[in-house]
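Asks: Please find one structure pasted underneath; my questions will follow.
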Amino acid sequence: MKKPATPLPKLPKPSALFATLLLITFTIDGLVHFFLPFMVPDSRKYLQSVSDSFLLATLSAPFIWWLIVRPLRKLAVTEFARTKAALGYIKDAVITFDERGGIESLNPAAERMFGCISHEMIGQDITCIIPEMEVGSSGTAFDANLRTASETIGRRKDGTCFHLNISVSKPHLGEQWTFLAIIHDITDRKRYEEQLEYQDNHDRLTTLPNRNLLTDRIHQALLIARRNRQEVALFVIDLDNFKIINDSLGHDAGDVLLKIAAERLSGCVRSGDTVARQGGDEFVVIITDQAVSDNAAHIAAKLREAIATPLRISEHELVVTCSIGISISPRDGEDVHTLLRNADVAMFRAKEQGRNAFQFYTGEMNARSLARMTMEKHLRRALEHEELLVYYQPKVNLRSGRISGMEALVRWQNPEMGMVLPSSFIPLAEETCLIEPIGEWVLRTACAQNKAWQDAGLPPLTMAVNLSPRQFRQNDIAGLFCRILQETGLDPCYLELEITESMVMHDVDRVMSILNELKGIGMYLTMDDFGTGYSSLSYLKRFPFDKLKIDQSFVHDITSDPDNAAIAKTVIAMAHSLHLRVIAEGVETQEQLNYLRHLGCDEMQGYYFSRAIPAAEFGELLREGRRLQPAPENGCGAEKTLLVVDDEKDVTASLERLFLLEGYRVLTAESAADGFDQLANNRISVVLSDLRMPVMNGNEFLSRVKGLYPDTVRIILSGYADLNSVTDAINQGAIYKFLNKPWDDDVILKTVAEAFKHHDELKGKD
């Protein structure tokens, strides 16, 4: 048992100091008078001098105390008080203890931190409040590792523990060593660090482990499996048609669905297994067991059934299915990346097969590998067996509506696999170098066919042929074109080469040389899929292209997506400034056609006019003289056209009758999608839209209309006012006015009249 440390001595009182000084003086005087006769034979004559000296010392003692001792004591008391006050103001705890660990003093902060009173702790062992502190038992100092700042655990009087940071120094005071510990409570910092670590490793919505923690869990599972000779199964689970639910019911409903899915998946596995959310609507389950491969199908079926249980969200009863991909270690991979990738591939295969299913990676990969080998074998024989066909898709001039050219597109009719689309075999042909003989055959066939049509008396048109990256890189590509043109007798001015944007951005100097050589033959050059690559305008200006083809990805939503519309508008304006013609591919609707005409696009190509068809049918198309309908007239009368958009038919009917009586041309639409179609097909000045509509509300609809048709004046009419969103829309200029339902006829007529007047002012009219 340790000996308690002795408290530091207190300074004596002034009266005690004076009494002590007198006592010492009288004691010395008495001893001198007693021993002096024995030491000096004739001491009588010295006794009087000694007595006088002691008397003088006695009389001077008060002055010595007052002039010397008292100031020194006062200075010591002042310094002691100042030190004690300073320790009281220090926010961190300060504790002094001896080399055996006995506590000598605590400041007020230490008392508050550990919940104890100073006099209770004096003499106690330091380990009673800092248990992990190691102190020597034979007078040696404690472990040197704690002399520097370190984190450890403190224990309060009530027994609760907390995190602290302790820094210990060892000042030498007199003959003893004293240790000085400065302690900082880091409980809040530790709690914040734990929160950050949790947020960094867990999904906020479902509280499941996220991608970061998932990677670590898989790594740990693989290590344990190797040590215990177990298998690890990864189940990648993707909710089917989640985007449709999210778009139709809203993001809040989508979040609820994700939470329910997380709870159901967690309930299907053991406590030691892991369920994680990888992102979006994709989850991952990790199962470790001796023979998990034997039970994987049963586990996948259990997970699928749990997800498919009917549920109710916002008064909507839903049945959600899922697609599951399974990979098993070690047979499908022995590292995190490989297992995740293979399970992901298997999951996509399950989706391809109709969703609501699960697929194992191994069998799927073997099947796909076999299918690829089979396709490659047949493709190598396709040319010699005359299985390849060339179809032709017309290009149409948007000003005249007449066919201005055609594009040659290869098809593959295989006896075993049927009609194989280019997207399936062209990448394989490119990879296996078969694209070169196939491309040469397509070029020769297309040139010969174009020449045959001209010889038959049909109007001469330009034939466009795609050039693949491998063909573009082959030696003497210009010589190949010269030979084929000479063999077929086609004039070079009736041949057009389509080259993708990505092909010309590598080795620009060489590309420039090849393009100039091809241009020198007399052919037309078109940059295909423009907007999907990273071409520089400075390079585009240098390349000898004649046309730009807008990629179909920008055309698809051009009437409803302001971003795609802005890209198309910019491309068209830029191309015209460089004296290039513009053709848009993938045009499938009248609305897309009208909007492209509105933007000034020169040509179109797509299903709206015709699919790619065989040569015989295309010849008939030319003989018939088929053409597009001319663009609708946009006369002055169209300036007074009003579009009313509301999902309630009674509302649109009432408003239509009201505005027709005032002489307006009124168009109606029951949804935002119908409204975009009306805007694309007609020249509209004012748009009156309901606020609450399915799929897309009025605010979003009118915001998009502003981007697509900035000249229109836009009005909201609704019985439900989301003031924040409406205010934002008004501030952003998307909405001109907001009107309430039920409306006052006079008010709404006046507002619409003012809107048309505002439109005329914007157009600079009187």
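Labels for the structure tokens follow display order: chains A, B, ..., residues from 1 in each chain, ligands from 1.
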Can you list every residue in segment 316-385 of chain A that DSSP puts in strand (DSSP E or B), as a PyMOL selection string?
Replies: chain A and resi 316-318+322-329+358-360
Asks: Per residue of segment 329-411 of chain A within 12 Å of segment 594-610 of chain A, what are the shortest atom pair and its distance in Å to one decimal, counting only C-alpha atoms, with rows by chain and residue number, as a tab-separated table?
Replies:
residue	atom	partner	partner_atom	distance
A:Tyr391	CA	A:Ser610	CA	11.6
A:Tyr392	CA	A:Ser610	CA	9.6
A:Gln393	CA	A:Ser610	CA	6.7
A:Pro394	CA	A:Gln605	CA	6.5
A:Lys395	CA	A:Gln605	CA	4.9
A:Val396	CA	A:Met604	CA	5.4
A:Asn397	CA	A:Glu603	CA	4.5
A:Leu398	CA	A:Glu603	CA	5.1
A:Arg399	CA	A:Asp602	CA	7.0
A:Ser400	CA	A:Glu603	CA	9.8
A:Gly401	CA	A:Glu603	CA	8.9
A:Arg402	CA	A:Glu603	CA	9.8
A:Ile403	CA	A:Glu603	CA	9.3
A:Ser404	CA	A:Glu603	CA	8.1
A:Gly405	CA	A:Glu603	CA	9.7
A:Met406	CA	A:Gln605	CA	8.7
A:Glu407	CA	A:Gln605	CA	9.0
Asks: Let's have the selection written as a compact mmCIF listing (two decimals), in the first residue's frame, with N, CA, C and O atoms.
Replies:
# COMPACT_ATOMS: atom_id res chain seq x y z
N TYR A 391 -28.92 -1.28 -96.09
CA TYR A 391 -30.18 -0.56 -96.07
C TYR A 391 -29.88 0.94 -96.22
O TYR A 391 -28.77 1.39 -95.93
N TYR A 392 -30.90 1.69 -96.65
CA TYR A 392 -30.69 3.11 -96.94
C TYR A 392 -31.76 3.93 -96.22
O TYR A 392 -32.96 3.64 -96.31
N GLN A 393 -31.29 4.95 -95.50
CA GLN A 393 -32.22 5.85 -94.79
C GLN A 393 -32.12 7.24 -95.42
O GLN A 393 -31.03 7.79 -95.55
N PRO A 394 -33.27 7.80 -95.82
CA PRO A 394 -33.23 9.10 -96.51
C PRO A 394 -32.87 10.26 -95.58
O PRO A 394 -33.18 10.25 -94.39
N LYS A 395 -32.23 11.27 -96.15
CA LYS A 395 -32.02 12.55 -95.51
C LYS A 395 -32.90 13.56 -96.23
O LYS A 395 -33.01 13.52 -97.46
N VAL A 396 -33.53 14.47 -95.48
CA VAL A 396 -34.54 15.35 -96.06
C VAL A 396 -34.16 16.80 -95.80
O VAL A 396 -33.76 17.17 -94.68
N ASN A 397 -34.28 17.63 -96.84
CA ASN A 397 -34.06 19.06 -96.72
C ASN A 397 -35.26 19.69 -96.01
O ASN A 397 -36.40 19.54 -96.46
N LEU A 398 -35.01 20.38 -94.90
CA LEU A 398 -36.11 20.93 -94.11
C LEU A 398 -36.75 22.15 -94.75
O LEU A 398 -37.87 22.53 -94.39
N ARG A 399 -36.09 22.78 -95.68
CA ARG A 399 -36.68 23.94 -96.34
C ARG A 399 -37.63 23.51 -97.45
O ARG A 399 -38.76 23.99 -97.54
N SER A 400 -37.16 22.58 -98.31
CA SER A 400 -37.99 22.15 -99.45
C SER A 400 -38.84 20.93 -99.12
O SER A 400 -39.84 20.67 -99.79
N GLY A 401 -38.43 20.15 -98.12
CA GLY A 401 -39.14 18.92 -97.79
C GLY A 401 -38.76 17.75 -98.68
O GLY A 401 -39.28 16.65 -98.50
N ARG A 402 -37.86 17.93 -99.64
CA ARG A 402 -37.47 16.87 -100.57
C ARG A 402 -36.30 16.06 -100.01
O ARG A 402 -35.52 16.53 -99.19
N ILE A 403 -36.19 14.82 -100.48
CA ILE A 403 -35.06 13.96 -100.12
C ILE A 403 -33.80 14.55 -100.73
O ILE A 403 -33.74 14.79 -101.94
N SER A 404 -32.80 14.78 -99.88
CA SER A 404 -31.56 15.40 -100.35
C SER A 404 -30.38 14.42 -100.38
O SER A 404 -29.31 14.76 -100.88
N GLY A 405 -30.58 13.24 -99.84
CA GLY A 405 -29.51 12.25 -99.83
C GLY A 405 -29.94 11.03 -99.04
O GLY A 405 -31.11 10.90 -98.65
N MET A 406 -29.00 10.13 -98.80
CA MET A 406 -29.31 8.93 -98.02
C MET A 406 -28.03 8.43 -97.35
O MET A 406 -26.92 8.75 -97.77
N GLU A 407 -28.24 7.66 -96.30
CA GLU A 407 -27.11 7.07 -95.58
C GLU A 407 -27.17 5.56 -95.74
O GLU A 407 -28.23 4.95 -95.55
Asks: Give me, as a PyMOL selection string, all polymer residues having an atom no more than 12 Å from Asp332 of chain A, counting only C-alpha atoms and skipping those fewer than 2 positions away in the same chain.
Replies: chain A and resi 231-234+293+326-330+334-343+345-346+360-366
Asks: Segment 437-566 of chain A: which residues are helix (DSSP H, G or I) by DSSP, as a VMD selection string?
Replies: chain A and resid 437 to 455 469 to 473 477 to 488 492 to 494 501 to 505 508 to 521 537 to 542 552 to 555 562 to 566
Asks: Tell me which protein, DNA and RNA residues are within 10 Å of segment 315-319 of chain A, counting only C-alpha atoms, leaving out same-chain ones fewer than 3 positions away, and put them as a list of chain:residue names.
Replies: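 The residues satisfying every condition are A:Ile245, A:Leu249, A:Ala253, A:Leu257, A:Ile307, A:Ala308, A:Thr309, A:Pro310, A:Leu311, A:Arg312.
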Asks: Could you turn the residues from that selection into a file that holds all heavy atoms, as a JSON list (two decimals), in the first residue's frame?
Replies:
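Wrote part_25.json, looks like this:
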[["chain", "number", "residue", "atom", "x", "y", "z"],
["A", 245, "ILE", "N", -41.11, 5.02, -60.35],
["A", 245, "ILE", "CA", -41.77, 5.30, -59.07],
["A", 245, "ILE", "C", -41.32, 6.65, -58.54],
["A", 245, "ILE", "O", -42.13, 7.46, -58.07],
["A", 245, "ILE", "CB", -41.46, 4.18, -58.06],
["A", 245, "ILE", "CG1", -42.03, 2.85, -58.56],
["A", 245, "ILE", "CG2", -42.00, 4.53, -56.68],
["A", 245, "ILE", "CD1", -41.65, 1.66, -57.72],
["A", 249, "LEU", "N", -44.30, 9.33, -58.23],
["A", 249, "LEU", "CA", -44.78, 9.58, -56.87],
["A", 249, "LEU", "C", -43.95, 10.62, -56.13],
["A", 249, "LEU", "O", -44.36, 11.09, -55.07],
["A", 249, "LEU", "CB", -44.78, 8.27, -56.07],
["A", 249, "LEU", "CG", -45.66, 7.14, -56.60],
["A", 249, "LEU", "CD1", -45.63, 5.95, -55.66],
["A", 249, "LEU", "CD2", -47.09, 7.61, -56.80],
["A", 253, "ALA", "N", -41.46, 9.73, -51.77],
["A", 253, "ALA", "CA", -41.94, 8.35, -51.84],
["A", 253, "ALA", "C", -40.80, 7.41, -52.20],
["A", 253, "ALA", "O", -40.71, 6.28, -51.67],
["A", 253, "ALA", "CB", -43.06, 8.24, -52.88],
["A", 257, "LEU", "N", -39.44, 4.18, -50.02],
["A", 257, "LEU", "CA", -39.26, 2.86, -50.61],
["A", 257, "LEU", "C", -37.86, 2.32, -50.33],
["A", 257, "LEU", "O", -37.69, 1.14, -49.99],
["A", 257, "LEU", "CB", -39.50, 2.94, -52.12],
["A", 257, "LEU", "CG", -39.21, 1.66, -52.92],
["A", 257, "LEU", "CD1", -40.02, 0.49, -52.39],
["A", 257, "LEU", "CD2", -39.50, 1.88, -54.40],
["A", 307, "ILE", "N", -38.43, -8.30, -51.00],
["A", 307, "ILE", "CA", -38.62, -7.03, -51.70],
["A", 307, "ILE", "C", -39.99, -6.98, -52.37],
["A", 307, "ILE", "O", -40.65, -5.93, -52.42],
["A", 307, "ILE", "CB", -37.51, -6.82, -52.75],
["A", 307, "ILE", "CG1", -36.15, -6.63, -52.06],
["A", 307, "ILE", "CG2", -37.80, -5.62, -53.64],
["A", 307, "ILE", "CD1", -36.04, -5.39, -51.22],
["A", 308, "ALA", "N", -40.44, -8.13, -52.91],
["A", 308, "ALA", "CA", -41.68, -8.16, -53.69],
["A", 308, "ALA", "C", -42.95, -8.13, -52.83],
["A", 308, "ALA", "O", -44.06, -8.07, -53.38],
["A", 308, "ALA", "CB", -41.70, -9.41, -54.58],
["A", 309, "THR", "N", -42.82, -8.17, -51.50],
["A", 309, "THR", "CA", -44.00, -8.09, -50.64],
["A", 309, "THR", "C", -44.70, -6.75, -50.87],
["A", 309, "THR", "O", -44.05, -5.70, -50.84],
["A", 309, "THR", "CB", -43.59, -8.23, -49.16],
["A", 309, "THR", "OG1", -42.88, -9.45, -48.98],
["A", 309, "THR", "CG2", -44.81, -8.20, -48.27],
["A", 310, "PRO", "N", -46.02, -6.75, -51.09],
["A", 310, "PRO", "CA", -46.73, -5.48, -51.35],
["A", 310, "PRO", "C", -46.52, -4.48, -50.22],
["A", 310, "PRO", "O", -46.43, -4.84, -49.04],
["A", 310, "PRO", "CB", -48.19, -5.91, -51.45],
["A", 310, "PRO", "CG", -48.13, -7.35, -51.85],
["A", 310, "PRO", "CD", -46.92, -7.91, -51.18],
["A", 311, "LEU", "N", -46.47, -3.22, -50.58],
["A", 311, "LEU", "CA", -46.30, -2.15, -49.60],
["A", 311, "LEU", "C", -47.16, -0.97, -50.00],
["A", 311, "LEU", "O", -47.60, -0.86, -51.14],
["A", 311, "LEU", "CB", -44.83, -1.74, -49.48],
["A", 311, "LEU", "CG", -44.11, -1.30, -50.78],
["A", 311, "LEU", "CD1", -44.17, 0.21, -50.95],
["A", 311, "LEU", "CD2", -42.67, -1.76, -50.76],
["A", 312, "ARG", "N", -47.38, -0.07, -49.04],
["A", 312, "ARG", "CA", -48.22, 1.10, -49.28],
["A", 312, "ARG", "C", -47.42, 2.36, -49.00],
["A", 312, "ARG", "O", -46.83, 2.52, -47.93],
["A", 312, "ARG", "CB", -49.47, 1.05, -48.41],
["A", 312, "ARG", "CG", -50.43, 2.23, -48.61],
["A", 312, "ARG", "CD", -51.68, 2.03, -47.80],
["A", 312, "ARG", "NE", -52.47, 0.94, -48.33],
["A", 312, "ARG", "CZ", -53.34, 1.04, -49.34],
["A", 312, "ARG", "NH1", -53.53, 2.21, -49.93],
["A", 312, "ARG", "NH2", -54.03, 0.00, -49.75]]
Asks: Find, counting only C-alpha atoms, the residue in A:Met417, A:Asp561, A:Leu739, A:Glu754 that gets nearest to Ala672 of chain A.
Replies: A:Asp561
Asks: Which of these, A:Gln629, A:Thr526, A:Gln199, A:Thr288, has the shortest distance to Ile218 of chain A once you count only C-alpha atoms?
Replies: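 The shortest atom-to-atom distance to Ile218 of chain A comes from A:Thr288.
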Asks: Interatomic distance between atom CA of Leu622 of chain A and atom CA of Ala452 of chain A?
Replies: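 Those two atoms sit 13.0 Å apart.
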